[in-house]
file target-v9.txt (compact mmCIF, C-alpha atoms)
# COMPACT_ATOMS: atom_id res chain seq x y z
CA MET A 1 -17.82 -8.90 -32.50
CA ARG A 2 -17.61 -11.84 -34.88
CA LYS A 3 -14.88 -10.01 -36.83
CA VAL A 4 -12.87 -9.49 -33.63
CA ALA A 5 -13.15 -13.20 -32.79
CA ALA A 6 -12.02 -14.13 -36.32
CA LEU A 7 -9.05 -11.77 -36.07
CA GLY A 8 -8.17 -13.27 -32.68
CA SER A 9 -8.14 -16.82 -34.01
CA THR A 10 -6.05 -15.73 -37.03
CA LEU A 11 -3.47 -14.15 -34.72
CA LEU A 12 -3.46 -17.27 -32.54
CA ALA A 13 -2.86 -19.41 -35.61
CA VAL A 14 0.09 -17.22 -36.63
CA CYS A 15 1.63 -17.60 -33.17
CA VAL A 16 1.15 -21.37 -33.09
CA GLY A 17 2.58 -21.57 -36.59
CA GLY A 18 5.96 -20.32 -35.36
CA ALA A 19 5.92 -16.57 -35.90
CA THR A 20 5.28 -13.79 -33.43
CA ALA A 21 2.96 -10.90 -34.10
CA SER A 22 6.00 -8.77 -34.88
CA GLY A 23 6.85 -11.02 -37.80
CA ARG A 24 9.73 -13.09 -36.40
CA ALA A 25 10.19 -16.35 -38.26
CA LEU A 26 10.81 -18.47 -35.19
CA ASP A 27 11.93 -22.07 -35.40
CA PRO A 28 9.29 -24.66 -34.47
CA CYS A 29 9.19 -25.90 -30.88
CA PRO A 30 11.52 -28.80 -30.18
CA THR A 31 9.97 -31.74 -28.38
CA VAL A 32 11.52 -32.87 -25.10
CA ARG A 33 12.43 -36.20 -26.72
CA THR A 34 14.60 -34.46 -29.33
CA LEU A 35 16.60 -32.30 -26.91
CA ASP A 36 20.34 -32.98 -26.82
CA ASP A 37 21.32 -34.38 -23.40
CA HIS A 38 24.88 -33.08 -23.59
CA ARG A 39 25.29 -29.73 -21.97
CA ALA A 40 26.41 -27.10 -24.46
CA SER A 41 29.40 -24.86 -23.84
CA ILE A 42 28.91 -21.13 -23.89
CA GLU A 43 30.96 -20.94 -27.09
CA GLN A 44 28.46 -23.28 -28.80
CA VAL A 45 25.54 -21.17 -27.59
CA VAL A 46 27.08 -17.95 -28.91
CA ALA A 47 27.89 -19.60 -32.27
CA ALA A 48 24.32 -20.91 -32.55
CA ALA A 49 22.91 -17.48 -31.73
CA ARG A 50 25.14 -15.88 -34.37
CA GLU A 51 23.86 -18.37 -36.92
CA ARG A 52 20.13 -18.16 -36.10
CA ILE A 53 19.71 -14.44 -35.28
CA PRO A 54 20.12 -13.12 -38.89
CA HIS A 55 17.35 -15.51 -40.01
CA VAL A 56 14.89 -14.97 -37.19
CA TYR A 57 15.35 -11.19 -36.95
CA ALA A 58 15.90 -10.66 -40.68
CA THR A 59 13.55 -7.67 -40.90
CA VAL A 60 14.38 -5.94 -37.63
CA ASN A 61 16.35 -3.16 -39.32
CA TYR A 62 13.82 -2.53 -42.11
CA GLY A 63 12.35 0.93 -42.32
CA GLN A 64 11.74 3.93 -44.55
CA GLY A 65 12.30 1.90 -47.70
CA ARG A 66 15.67 0.58 -46.55
CA HIS A 67 16.40 -3.10 -45.96
CA PRO A 68 19.75 -3.33 -44.16
CA ARG A 69 20.80 -6.87 -43.38
CA VAL A 70 21.30 -8.18 -39.88
CA THR A 71 24.98 -8.98 -39.50
CA ARG A 72 27.31 -9.75 -36.65
CA ALA A 73 28.26 -6.05 -36.55
CA THR A 74 24.63 -4.93 -36.22
CA SER A 75 23.54 -7.47 -33.58
CA LEU A 76 25.20 -6.89 -30.23
CA ILE A 77 24.94 -9.75 -27.77
CA ARG A 78 24.78 -8.29 -24.25
CA GLU A 79 23.93 -11.32 -22.13
CA VAL A 80 23.93 -15.09 -22.31
CA ILE A 81 22.13 -16.96 -19.54
CA TRP A 82 21.67 -20.68 -18.95
CA LEU A 83 18.03 -21.09 -17.97
CA SER A 84 18.62 -24.03 -15.64
CA LEU A 85 20.22 -21.57 -13.22
CA PRO A 86 18.11 -20.76 -10.17
CA THR A 87 18.95 -17.06 -10.39
CA LYS A 88 16.25 -14.42 -10.29
CA GLU A 89 16.96 -13.42 -13.88
CA GLY A 90 17.21 -17.07 -14.95
CA ARG A 91 13.81 -17.84 -13.41
CA ARG A 92 12.20 -14.76 -14.94
CA LEU A 93 13.45 -15.59 -18.42
CA ARG A 94 12.63 -19.30 -18.01
CA ALA A 95 9.02 -18.38 -17.28
CA ARG A 96 8.93 -16.31 -20.48
CA ALA A 97 10.53 -19.14 -22.48
CA ALA A 98 8.03 -21.66 -21.07
CA LYS A 99 5.19 -19.73 -22.67
CA PHE A 100 6.55 -20.70 -26.08
CA CYS A 101 7.39 -24.40 -25.79
CA GLY A 102 6.64 -25.52 -22.23
CA ASN A 103 8.60 -25.88 -18.98
CA ASP A 104 10.78 -28.84 -19.92
CA VAL A 105 12.14 -27.20 -23.06
CA ALA A 106 12.60 -23.88 -21.23
CA PHE A 107 14.60 -25.58 -18.47
CA ASN A 108 17.02 -26.90 -21.09
CA SER A 109 17.37 -23.61 -22.92
CA TRP A 110 19.62 -20.57 -23.02
CA ALA A 111 18.58 -16.94 -23.27
CA VAL A 112 20.63 -14.59 -25.42
CA VAL A 113 19.94 -10.88 -24.99
CA VAL A 114 20.65 -9.11 -28.26
CA GLU A 115 20.48 -5.45 -29.19
CA PHE A 116 19.97 -4.14 -32.73
CA PRO A 117 21.27 -0.56 -32.71
CA GLY A 118 20.20 -0.10 -36.36
CA ALA A 119 16.54 -0.96 -35.71
CA GLN A 120 14.07 1.75 -36.60
CA THR A 121 11.92 1.34 -33.49
CA THR A 122 12.78 1.94 -29.85
CA ASP A 123 12.09 -1.74 -29.09
CA ASN A 124 15.47 -2.87 -30.31
CA GLN A 125 16.51 -5.32 -27.61
CA PHE A 126 15.26 -8.89 -27.34
CA ALA A 127 15.81 -12.03 -25.32
CA ALA A 128 16.04 -14.93 -27.76
CA PHE A 129 15.49 -18.47 -26.45
CA LEU A 130 17.59 -21.26 -27.89
CA ALA A 131 17.60 -25.01 -27.28
CA LYS A 132 19.94 -27.64 -28.65
CA THR A 133 18.29 -30.64 -30.28
CA ARG A 134 19.94 -33.71 -31.75
CA SER A 135 19.47 -32.19 -35.18
CA GLY A 136 20.81 -28.74 -34.30
CA TRP A 137 19.90 -25.54 -32.53
CA ARG A 138 16.47 -23.91 -32.55
CA LEU A 139 15.64 -20.30 -31.77
CA TYR A 140 12.04 -20.88 -30.79
CA GLY A 141 11.09 -17.80 -28.78
CA SER A 142 11.73 -14.10 -28.53
CA VAL A 143 10.54 -11.40 -26.14
CA GLU A 144 11.30 -7.71 -25.98
CA GLN A 145 13.70 -6.77 -23.23
CA PRO A 146 13.26 -3.41 -21.49
CA MET B 1 44.33 0.07 8.71
CA GLN B 2 41.93 -1.20 11.34
CA ARG B 3 39.25 1.19 10.05
CA ALA B 4 39.76 -0.04 6.47
CA ARG B 5 39.47 -3.61 7.67
CA ILE B 6 36.22 -2.91 9.52
CA GLY B 7 34.89 -1.08 6.45
CA GLY B 8 35.76 -4.12 4.34
CA ILE B 9 33.98 -6.44 6.75
CA ALA B 10 30.88 -4.19 6.73
CA ALA B 11 30.87 -4.13 2.92
CA ALA B 12 31.29 -7.90 2.81
CA ALA B 13 28.41 -8.32 5.26
CA THR B 14 26.16 -6.14 3.08
CA LEU B 15 26.98 -8.20 0.00
CA ALA B 16 26.63 -11.45 1.90
CA ALA B 17 23.13 -10.37 2.85
CA ALA B 18 22.44 -9.88 -0.85
CA GLY B 19 23.70 -13.40 -1.57
CA LEU B 20 27.17 -12.35 -2.71
CA VAL B 21 30.51 -12.77 -0.95
CA VAL B 22 33.39 -10.64 -2.16
CA THR B 23 36.61 -12.45 -2.89
CA GLY B 24 38.51 -9.44 -4.21
CA SER B 25 40.80 -6.91 -2.45
CA ASN B 26 41.32 -7.58 1.31
CA ALA B 27 39.21 -10.74 1.39
CA THR B 28 41.13 -12.46 -1.39
CA PRO B 29 41.81 -16.13 -0.63
CA ALA B 30 45.49 -16.98 -0.91
CA ASP B 31 44.84 -19.26 -3.87
CA PHE B 32 43.46 -16.53 -6.09
CA HIS B 33 45.71 -14.25 -8.11
CA PHE B 34 43.64 -11.32 -9.29
CA ASP B 35 44.94 -8.77 -11.74
CA GLN B 36 45.45 -5.27 -10.41
CA CYS B 37 42.70 -2.71 -10.74
CA PRO B 38 43.02 -0.88 -14.03
CA LYS B 39 43.04 2.91 -14.04
CA ALA B 40 39.92 4.36 -15.61
CA GLY B 41 42.08 6.13 -18.21
CA THR B 42 43.47 2.83 -19.48
CA LEU B 43 40.10 1.21 -20.26
CA ALA B 44 39.58 0.18 -23.88
CA GLN B 45 37.24 2.51 -25.72
CA SER B 46 36.06 0.09 -28.41
CA PRO B 47 32.97 -2.06 -27.74
CA GLN B 48 33.67 -5.71 -27.01
CA THR B 49 31.97 -8.70 -28.53
CA ILE B 50 30.69 -11.56 -26.42
CA GLU B 51 33.19 -13.86 -28.13
CA GLU B 52 36.05 -11.67 -26.91
CA VAL B 53 34.73 -11.74 -23.36
CA VAL B 54 34.35 -15.53 -23.33
CA ALA B 55 37.84 -16.01 -24.81
CA ALA B 56 39.33 -13.65 -22.21
CA ALA B 57 37.55 -15.50 -19.41
CA ARG B 58 38.80 -18.85 -20.70
CA ALA B 59 42.35 -17.51 -20.80
CA LEU B 60 42.35 -15.82 -17.38
CA ILE B 61 40.25 -18.12 -15.18
CA PRO B 62 42.81 -20.99 -15.06
CA HIS B 63 45.48 -18.54 -13.84
CA VAL B 64 43.44 -16.50 -11.38
CA PHE B 65 41.62 -19.47 -9.84
CA ALA B 66 44.46 -21.95 -10.27
CA GLY B 67 44.10 -23.40 -6.77
CA ILE B 68 40.33 -23.54 -6.61
CA ASN B 69 40.13 -27.34 -6.96
CA ASN B 70 42.93 -28.04 -4.48
CA ALA B 71 41.89 -30.34 -1.65
CA GLN B 72 43.21 -33.27 0.37
CA GLY B 73 46.61 -33.19 -1.31
CA ARG B 74 45.18 -33.20 -4.82
CA ASN B 75 45.72 -30.28 -7.17
CA PRO B 76 43.62 -30.86 -10.28
CA PRO B 77 44.25 -28.08 -12.80
CA VAL B 78 41.48 -25.71 -13.84
CA THR B 79 40.66 -26.43 -17.47
CA LYS B 80 37.94 -25.64 -19.96
CA ALA B 81 36.47 -29.08 -19.26
CA ASN B 82 36.00 -28.44 -15.53
CA THR B 83 34.89 -24.81 -15.80
CA ASN B 84 31.27 -24.35 -16.83
CA ILE B 85 30.49 -20.81 -17.88
CA THR B 86 26.77 -20.42 -17.32
CA GLU B 87 26.21 -16.71 -17.73
CA VAL B 88 27.91 -13.68 -19.26
CA LEU B 89 26.57 -10.17 -18.90
CA ALA B 90 27.61 -6.61 -19.64
CA LEU B 91 27.52 -4.57 -16.45
CA PHE B 92 26.40 -1.32 -18.04
CA HIS B 93 22.95 -2.88 -18.34
CA SER B 94 20.22 -1.71 -15.99
CA THR B 95 18.81 -5.17 -15.25
CA THR B 96 18.57 -6.29 -11.61
CA GLN B 97 21.27 -8.88 -12.11
CA ALA B 98 23.70 -6.49 -13.82
CA THR B 99 23.09 -3.80 -11.20
CA ARG B 100 23.77 -6.29 -8.41
CA TYR B 101 27.06 -7.40 -9.94
CA ARG B 102 28.06 -3.85 -10.86
CA LYS B 103 27.79 -2.84 -7.21
CA ALA B 104 29.92 -5.79 -6.18
CA ALA B 105 32.53 -5.00 -8.87
CA ALA B 106 32.61 -1.35 -7.82
CA LYS B 107 33.69 -2.40 -4.32
CA SER B 108 36.95 -3.61 -5.79
CA CYS B 109 37.92 -1.11 -8.48
CA GLY B 110 35.39 1.74 -8.40
CA SER B 111 32.22 2.49 -10.29
CA ARG B 112 33.84 3.69 -13.55
CA VAL B 113 35.69 0.42 -14.00
CA ALA B 114 32.65 -1.59 -12.90
CA TYR B 115 30.41 0.12 -15.45
CA ARG B 116 32.72 -0.98 -18.28
CA SER B 117 33.12 -4.52 -16.97
CA TRP B 118 31.55 -7.87 -17.73
CA ALA B 119 30.48 -10.53 -15.24
CA VAL B 120 31.19 -14.15 -16.11
CA LEU B 121 29.49 -16.79 -13.96
CA ALA B 122 31.59 -19.91 -13.70
CA GLN B 123 30.88 -23.22 -12.00
CA PHE B 124 33.72 -25.48 -10.83
CA PRO B 125 32.19 -28.94 -10.51
CA ASP B 126 35.47 -30.45 -9.26
CA MET B 127 35.66 -28.09 -6.31
CA GLN B 128 35.37 -29.75 -2.91
CA MET B 129 33.02 -27.21 -1.31
CA ALA B 130 29.91 -27.67 -3.41
CA GLY B 131 28.07 -24.78 -1.79
CA TYR B 132 30.76 -22.38 -2.99
CA SER B 133 31.43 -23.87 -6.39
CA GLN B 134 30.00 -20.97 -8.37
CA LEU B 135 31.38 -17.50 -8.66
CA ALA B 136 30.99 -14.38 -10.74
CA ALA B 137 34.30 -13.08 -12.09
CA PHE B 138 34.66 -9.46 -13.18
CA LEU B 139 36.62 -8.69 -16.31
CA VAL B 140 37.41 -5.47 -18.09
CA LYS B 141 39.35 -4.69 -21.24
CA THR B 142 42.20 -2.21 -21.04
CA THR B 143 44.40 -0.81 -23.79
CA SER B 144 46.95 -3.48 -22.85
CA GLY B 145 44.55 -6.43 -22.65
CA TRP B 146 41.94 -8.00 -20.40
CA ARG B 147 42.05 -8.02 -16.62
CA LEU B 148 40.16 -10.25 -14.21
CA TYR B 149 40.30 -8.05 -11.13
CA SER B 150 37.76 -9.49 -8.71
CA SER B 151 35.06 -12.04 -8.08
CA VAL B 152 32.18 -12.83 -5.77
CA TRP B 153 31.01 -16.19 -4.54
CA ASP B 154 27.49 -16.76 -5.65
CA PRO B 155 26.12 -19.63 -3.58
CA ARG B 156 22.55 -20.39 -4.59
call {"tool": "encode", "arguments": {"input": "target-v9.txt", "output": "structure tokens"}}
result
Amino acid sequence: MRKVAALGSTLLAVCVGGATASGRALDPCPTVRTLDDHRASIEQVVAAARERIPHVYATVNYGQGRHPRVTRATSLIREVIWLSLPTKEGRRLRARAAKFCGNDVAFNSWAVVVEFPGAQTTDNQFAAFLAKTRSGWRLYGSVEQP
Amino acid sequence: MQRARIGGIAAAATLAAAGLVVTGSNATPADFHFDQCPKAGTLAQSPQTIEEVVAAARALIPHVFAGINNAQGRNPPVTKANTNITEVLALFHSTTQATRYRKAAAKSCGSRVAYRSWAVLAQFPDMQMAGYSQLAAFLVKTTSGWRLYSSVWDPR
């Protein structure tokens, strides 16, 4: 029982430290104060996602002794959604994003749904949450997408 | 003709109930200039990147929705600065949102074209009717280029 509790607190520490249980090296949470007030264009969001995805999902294609890199050709962006939108999908994803860095950050974020066709597991599609801060973009959260 | 018109009204009523109002085919406002429906055989076979879709939307929206900001004798042009793209999604996805838009797109050009299409949500903050300032435009790539063939109002 004590071992289970210790394992639980270790896992919690890993999550708080900016990485998910599946080994994603997420960026640290931005604070509300550091968010960029200027609304980003969709082109900026896509460019930021292209830049951050190979870092955060660096190991997604690893398997059977092979270590293929994540490139633009192997990460297919299927959806981009502004999370301030009061759409059903926007609300659903905003709730997921809020679990990482709180409601205020989630409300100012974008979700990018990306598929990795070269991934070795069946869970190869994720919604990545990005927010623009004054010092650049952060990819602070990621959830599997069915 | 009358039967087709009634069918169109019934379809529009169904979509309106779902929160969507078709602006393609018979219900096209005079100000909009949609491209013709592509034939299924002319659809591009290669996968498209999100960058391509956004660039196509930026190129076509100012032409198709040229008159959307017209009001009270003023005709402000549709530009990148007054068109906020808030969402882009591939319609072959099985998400609720994609399914909803795919059904709406299929009303205009059929299910095969709809399945290969993308929806681009655009807001027009300079439009006079605030309640109708957001729409989803449907684009598809053909062997001869992109077509923006329909749209739905998406008042929220």
call {"tool": "closest_atom_pairs", "arguments": {"input": "target-v9.txt", "of": "chain A", "to": "chain B", "cutoff": "7 Å", "atoms": "only C-alpha atoms", "output": "JSON lines"}}
result
{"residue": "A:Ile42", "atom": "CA", "partner": "B:Ile85", "partner_atom": "CA", "distance": 6.2}
{"residue": "A:Ile77", "atom": "CA", "partner": "B:Ile50", "partner_atom": "CA", "distance": 6.2}
{"residue": "A:Arg78", "atom": "CA", "partner": "B:Ala90", "partner_atom": "CA", "distance": 5.7}
{"residue": "A:Glu79", "atom": "CA", "partner": "B:Leu89", "partner_atom": "CA", "distance": 4.3}
{"residue": "A:Val80", "atom": "CA", "partner": "B:Val88", "partner_atom": "CA", "distance": 5.2}
{"residue": "A:Ile81", "atom": "CA", "partner": "B:Glu87", "partner_atom": "CA", "distance": 4.5}
{"residue": "A:Trp82", "atom": "CA", "partner": "B:Thr86", "partner_atom": "CA", "distance": 5.4}
{"residue": "A:Glu89", "atom": "CA", "partner": "B:Gln97", "partner_atom": "CA", "distance": 6.5}
call {"tool": "residues_around", "arguments": {"input": "target-v9.txt", "residues": "Phe100 (chain A)", "least_positions_apart": "3", "cutoff": "9 Å", "atoms": "only C-alpha atoms", "output": "mmCIF file with C-alpha atoms, in the frame of the given file"}}
result
data_model
loop_
_atom_site.group_PDB
_atom_site.id
_atom_site.type_symbol
_atom_site.label_atom_id
_atom_site.label_comp_id
_atom_site.auth_asym_id
_atom_site.auth_seq_id
_atom_site.Cartn_x
_atom_site.Cartn_y
_atom_site.Cartn_z
ATOM 1 C CA VAL A 16 1.150 -21.370 -33.090
ATOM 2 C CA CYS A 29 9.190 -25.900 -30.880
ATOM 3 C CA ARG A 96 8.930 -16.310 -20.480
ATOM 4 C CA ALA A 97 10.530 -19.140 -22.480
ATOM 5 C CA ALA A 106 12.600 -23.880 -21.230
ATOM 6 C CA TYR A 140 12.040 -20.880 -30.790
ATOM 7 C CA GLY A 141 11.090 -17.800 -28.780
ATOM 8 C CA SER A 142 11.730 -14.100 -28.530
#
call {"tool": "atom_distance", "arguments": {"input": "target-v9.txt", "atom1": "CA of Asp27 (chain A)", "atom2": "CA of Gly118 (chain A)"}}
result
23.5 Å
call {"tool": "residues_around", "arguments": {"input": "target-v9.txt", "residues": "Tyr115 (chain B)", "least_positions_apart": "5", "cutoff": "12 Å", "atoms": "all atoms listed in the file", "output": "ChimeraX atom specification"}}
result
/B:40,43,89-94,98-107,109-110,138-141
call {"tool": "atom_distance", "arguments": {"input": "target-v9.txt", "atom1": "CA of Val70 (chain A)", "atom2": "CA of Pro54 (chain A)"}}
result
5.2 Å
call {"tool": "residues_around", "arguments": {"input": "target-v9.txt", "residues": "Pro77 (chain B)", "least_positions_apart": "2", "cutoff": "9 Å", "atoms": "all atoms listed in the file", "output": "number ranges by chain"}}
result
B: 62, 66-70, 75, 79, 82
call {"tool": "residues_near_point", "arguments": {"input": "target-v9.txt", "point": "(11.9, -4.6, -35.0)", "cutoff": "9 Å", "atoms": "all atoms listed in the file", "output": "list in words"}}
result
Ser22, Gly23, Arg24, Tyr57, Thr59, Val60, Asn61, Tyr62, Phe116, Ala119, Gln120, Thr121, Thr122, Asp123, Asn124 and Gln125 of chain A
call {"tool": "atom_distance", "arguments": {"input": "target-v9.txt", "atom1": "CA of Ser75 (chain A)", "atom2": "CA of Ala137 (chain B)"}}
result
24.7 Å
call {"tool": "residues_around", "arguments": {"input": "target-v9.txt", "residues": "Thr143 (chain B)", "least_positions_apart": "3", "cutoff": "9 Å", "atoms": "all atoms listed in the file", "output": "count of residues only"}}
result
5
call {"tool": "closest_residue", "arguments": {"input": "target-v9.txt", "among": "A:Cys101, A:Pro146, A:Ala58, A:Pro117", "to": "Pro28 (chain A)", "atoms": "all atoms listed in the file"}}
result
A:Cys101
call {"tool": "build_atoms", "arguments": {"input": "target-v9.txt", "residues": "region 123-145 of chain A", "atoms": "N, CA and C atoms", "output": "CSV table (one decimal), in the coordinates of the input"}}
result
chain,number,residue,atom,x,y,z
A,123,ASP,N,12.0,-0.4,-29.6
A,123,ASP,CA,12.1,-1.7,-29.1
A,123,ASP,C,13.2,-2.5,-29.9
A,124,ASN,N,14.4,-2.3,-29.5
A,124,ASN,CA,15.5,-2.9,-30.3
A,124,ASN,C,16.3,-3.9,-29.5
A,125,GLN,N,15.8,-4.3,-28.4
A,125,GLN,CA,16.5,-5.3,-27.6
A,125,GLN,C,15.6,-6.5,-27.3
A,126,PHE,N,16.1,-7.7,-27.5
A,126,PHE,CA,15.3,-8.9,-27.3
A,126,PHE,C,16.0,-10.0,-26.6
A,127,ALA,N,15.2,-10.8,-25.9
A,127,ALA,CA,15.8,-12.0,-25.3
A,127,ALA,C,15.4,-13.1,-26.2
A,128,ALA,N,16.3,-13.8,-26.9
A,128,ALA,CA,16.0,-14.9,-27.8
A,128,ALA,C,16.3,-16.2,-27.0
A,129,PHE,N,15.4,-17.2,-27.2
A,129,PHE,CA,15.5,-18.5,-26.4
A,129,PHE,C,15.9,-19.6,-27.4
A,130,LEU,N,17.0,-20.2,-27.0
A,130,LEU,CA,17.6,-21.3,-27.9
A,130,LEU,C,17.7,-22.6,-27.1
A,131,ALA,N,17.4,-23.7,-27.9
A,131,ALA,CA,17.6,-25.0,-27.3
A,131,ALA,C,18.3,-25.9,-28.3
A,132,LYS,N,19.2,-26.8,-27.8
A,132,LYS,CA,19.9,-27.6,-28.6
A,132,LYS,C,19.2,-29.0,-28.8
A,133,THR,N,18.9,-29.3,-30.0
A,133,THR,CA,18.3,-30.6,-30.3
A,133,THR,C,19.3,-31.5,-30.9
A,134,ARG,N,19.0,-32.8,-31.1
A,134,ARG,CA,19.9,-33.7,-31.8
A,134,ARG,C,20.2,-33.3,-33.2
A,135,SER,N,19.3,-32.6,-33.8
A,135,SER,CA,19.5,-32.2,-35.2
A,135,SER,C,19.9,-30.7,-35.3
A,136,GLY,N,20.3,-30.1,-34.2
A,136,GLY,CA,20.8,-28.7,-34.3
A,136,GLY,C,20.1,-27.8,-33.4
A,137,TRP,N,20.5,-26.5,-33.4
A,137,TRP,CA,19.9,-25.5,-32.5
A,137,TRP,C,18.6,-25.0,-33.1
A,138,ARG,N,17.7,-24.6,-32.2
A,138,ARG,CA,16.5,-23.9,-32.6
A,138,ARG,C,16.3,-22.6,-31.7
A,139,LEU,N,16.0,-21.6,-32.4
A,139,LEU,CA,15.6,-20.3,-31.8
A,139,LEU,C,14.1,-20.2,-31.8
A,140,TYR,N,13.5,-20.7,-30.7
A,140,TYR,CA,12.0,-20.9,-30.8
A,140,TYR,C,11.2,-19.8,-30.1
A,141,GLY,N,11.9,-18.8,-29.5
A,141,GLY,CA,11.1,-17.8,-28.8
A,141,GLY,C,11.8,-16.5,-28.7
A,142,SER,N,11.1,-15.4,-28.6
A,142,SER,CA,11.7,-14.1,-28.5
A,142,SER,C,10.8,-13.2,-27.8
A,143,VAL,N,11.3,-12.4,-26.8
A,143,VAL,CA,10.5,-11.4,-26.1
A,143,VAL,C,11.3,-10.1,-26.1
A,144,GLU,N,10.6,-9.0,-26.1
A,144,GLU,CA,11.3,-7.7,-26.0
A,144,GLU,C,11.9,-7.6,-24.6
A,145,GLN,N,13.0,-7.0,-24.5
A,145,GLN,CA,13.7,-6.8,-23.2
A,145,GLN,C,13.7,-5.3,-22.9
